[in-house]
Amino acid sequence: MGEMMYKLFASASLLTLGLYHLICTFFHLLKSPQSYAAKPFYPFPRLSTITGNSNNHNRLQNLPLFILILSLFIAFLHQTLISFYSDPLVKGSTPVHRFSSLNSAAVFFLFLLIAVYFLLSDSTSLIPLPSDLLFALASVGFFLHYSAASSSASIQTSDLQAHCDSLSARISALCSLLCLLLACRSRLFIADAALAAAICLQGLWQLQTGLSLYVDSFIPEGCHRLLDVSSGVEGSTKCDIQDSKLRAVSVLDLMFTVHVVLVVIIIFVTYTMVAMAAGVRRTGSYEALPTDSNHIQMKSLTGTQA
């Protein structure tokens, strides 16, 4: 039950982060397309004109960053704590699971360092890092997470968990590539929007992983949880025969495609709502000419013959 709660927390955190970044990306593009440039973090809009309190505005401005730091700290703490427990479904001995968990904890600690430095540079006299360097560091972090998730998938004897980790690793690899593109081309809107969408997809996949591993009604037919092993891990799954394993993998691939479709729908809905909130309306290809004849300038015809 504890792992399922952590998956729900991770899913909610990633979905919130990805959706917030997607909204800010669309809003800044629609408001000022000429000066658009991707940012690693978008602060809350100015609310001091509404509340009349600039100090309150400064606190609210960094609220998403505080939430991100708290989420990363909880993820780092979780991976560190589970490294002290043995996992009988990991190939090898207990130290294999310990070092694999510590590897994931180190990745979260790297992201935590980046977020804390960004917060300190924004609220103190520290010189902030350039956006391209922050995107490059984020690319390194996502690549390390891809490596950690791929390594975790390779040492798992649980067929479902190994496939879930493998698909999660592919999303992290995509995020790493997108961050690298943004580090080179900050005005590349497609990469910025795709990064936010990939984070949303990672959040949805964390939820699907928790359901497929820890909730009986969502475990594919032919697979079951292993609760009777010594020092077992609650919710770990195993498929008895090869046909059940192949069927379960196909079901997970189908669910992954469904989540991709859901992310595309989220993009459409978010863009429409942001465009309506920003007051952007559709215009035709041609603009109507002014009806006032004083605004229509015509060149005098000289040297013409009837």
# chains A, B, ... in the order shown; residues from 1 in each chain; ligands from 1
call {"tool": "select_by_dssp", "arguments": {"residues": "range 201-281 of chain A", "states": "alpha helix (DSSP H)", "output": "ChimeraX atom specification"}}
result
/A:201-214,242-278
call {"tool": "select_by_dssp", "arguments": {"residues": "range 62-303 of chain A", "states": "strand (DSSP E or B)", "output": "ChimeraX atom specification"}}
result
/A:90,156,223-225,237-239
call {"tool": "residues_around", "arguments": {"residues": "Lys7 in chain A", "least_positions_apart": "6", "cutoff": "7 Å", "atoms": "only C-alpha atoms", "output": "short mmCIF file (atom, residue, chain, number, x, y, z; two decimals) with N, CA, C and O atoms, in the first residue's frame"}}
result
data_model
loop_
_atom_site.label_atom_id
_atom_site.label_comp_id
_atom_site.auth_asym_id
_atom_site.auth_seq_id
_atom_site.Cartn_x
_atom_site.Cartn_y
_atom_site.Cartn_z
N GLN A 206 3.21 6.88 -14.34
CA GLN A 206 3.43 6.51 -12.94
C GLN A 206 2.14 6.01 -12.30
O GLN A 206 2.15 5.05 -11.52
N LEU A 207 1.03 6.66 -12.64
CA LEU A 207 -0.27 6.20 -12.13
C LEU A 207 -0.60 4.82 -12.67
O LEU A 207 -1.05 3.94 -11.93
N GLY A 210 1.46 2.14 -10.95
CA GLY A 210 0.93 1.79 -9.63
C GLY A 210 -0.30 0.92 -9.71
O GLY A 210 -0.45 -0.05 -8.94
#
call {"tool": "residues_around", "arguments": {"residues": "Val263 in chain A", "least_positions_apart": "3", "cutoff": "7 Å", "atoms": "only C-alpha atoms", "output": "VMD selection string"}}
result
chain A and resid 197 200 to 201 259 to 260 266 to 267
call {"tool": "write_last_selection", "arguments": {"atoms": "N, CA, C and O atoms", "output": "mmCIF file, in the first residue's frame"}}
result
data_model
loop_
_atom_site.group_PDB
_atom_site.id
_atom_site.type_symbol
_atom_site.label_atom_id
_atom_site.label_comp_id
_atom_site.auth_asym_id
_atom_site.auth_seq_id
_atom_site.Cartn_x
_atom_site.Cartn_y
_atom_site.Cartn_z
ATOM 1 N N ALA A 197 4.512 18.196 -22.251
ATOM 2 C CA ALA A 197 3.647 17.052 -22.534
ATOM 3 C C ALA A 197 4.297 15.743 -22.086
ATOM 4 O O ALA A 197 3.617 14.839 -21.576
ATOM 5 N N CYS A 200 3.869 15.360 -18.409
ATOM 6 C CA CYS A 200 2.500 14.901 -18.139
ATOM 7 C C CYS A 200 2.368 13.405 -18.424
ATOM 8 O O CYS A 200 1.718 12.678 -17.662
ATOM 9 N N LEU A 201 2.967 12.950 -19.526
ATOM 10 C CA LEU A 201 2.918 11.532 -19.863
ATOM 11 C C LEU A 201 3.615 10.688 -18.800
ATOM 12 O O LEU A 201 3.134 9.603 -18.441
ATOM 13 N N HIS A 259 -2.507 6.518 -22.991
ATOM 14 C CA HIS A 259 -2.023 7.681 -22.238
ATOM 15 C C HIS A 259 -1.439 8.744 -23.165
ATOM 16 O O HIS A 259 -1.570 9.946 -22.895
ATOM 17 N N VAL A 260 -0.789 8.314 -24.243
ATOM 18 C CA VAL A 260 -0.293 9.279 -25.227
ATOM 19 C C VAL A 260 -1.453 10.043 -25.849
ATOM 20 O O VAL A 260 -1.395 11.268 -26.032
ATOM 21 N N ILE A 266 -5.119 16.589 -23.778
ATOM 22 C CA ILE A 266 -4.780 17.624 -22.792
ATOM 23 C C ILE A 266 -4.159 18.839 -23.488
ATOM 24 O O ILE A 266 -4.455 19.989 -23.147
ATOM 25 N N ILE A 267 -3.307 18.594 -24.482
ATOM 26 C CA ILE A 267 -2.690 19.704 -25.220
ATOM 27 C C ILE A 267 -3.749 20.527 -25.934
ATOM 28 O O ILE A 267 -3.744 21.768 -25.878
#
call {"tool": "residues_around", "arguments": {"residues": "Gly203 in chain A", "least_positions_apart": "2", "cutoff": "12 Å", "atoms": "only C-alpha atoms", "output": "ChimeraX atom specification"}}
result
/A:6-19,168,171-172,196-201,205-210,256,259-260,262-263
call {"tool": "closest_atom_pairs", "arguments": {"of": "range 125-234 of chain A", "to": "range 32-36 of chain A", "cutoff": "12 Å", "atoms": "only C-alpha atoms", "output": "JSON lines"}}
result
{"residue": "A:Arg185", "atom": "CA", "partner": "A:Tyr36", "partner_atom": "CA", "distance": 11.5}
{"residue": "A:Ser186", "atom": "CA", "partner": "A:Tyr36", "partner_atom": "CA", "distance": 8.6}
{"residue": "A:Arg187", "atom": "CA", "partner": "A:Tyr36", "partner_atom": "CA", "distance": 6.2}
{"residue": "A:Leu188", "atom": "CA", "partner": "A:Tyr36", "partner_atom": "CA", "distance": 9.0}
{"residue": "A:Phe189", "atom": "CA", "partner": "A:Tyr36", "partner_atom": "CA", "distance": 8.1}
{"residue": "A:Ile190", "atom": "CA", "partner": "A:Tyr36", "partner_atom": "CA", "distance": 11.9}
{"residue": "A:Asp192", "atom": "CA", "partner": "A:Tyr36", "partner_atom": "CA", "distance": 10.9}
call {"tool": "atom_distance", "arguments": {"atom1": "CA of Ser217 in chain A", "atom2": "CA of Asp165 in chain A"}}
result
20.5 Å
call {"tool": "residues_around", "arguments": {"residues": "range 100-106 of chain A", "least_positions_apart": "5", "cutoff": "12 Å", "atoms": "only C-alpha atoms", "output": "ChimeraX atom specification"}}
result
/A:72-87,90-95,111-113,141-156,169
call {"tool": "closest_residue", "arguments": {"among": "A:Cys184, A:His97, A:Leu211, A:Tyr20", "to": "Val274 in chain A", "atoms": "only C-alpha atoms"}}
result
A:Tyr20
call {"tool": "closest_residue", "arguments": {"among": "A:Ala162, A:Val96, A:Ile114, A:Ala278", "to": "Lys245 in chain A", "atoms": "only C-alpha atoms"}}
result
A:Ala162
call {"tool": "closest_residue", "arguments": {"among": "A:Gly222, A:Met255, A:Met5, A:Leu65", "to": "Asp243 in chain A", "atoms": "only C-alpha atoms"}}
result
A:Gly222
call {"tool": "atom_distance", "arguments": {"atom1": "CA of Val249 in chain A", "atom2": "CA of Gln202 in chain A"}}
result
18.0 Å
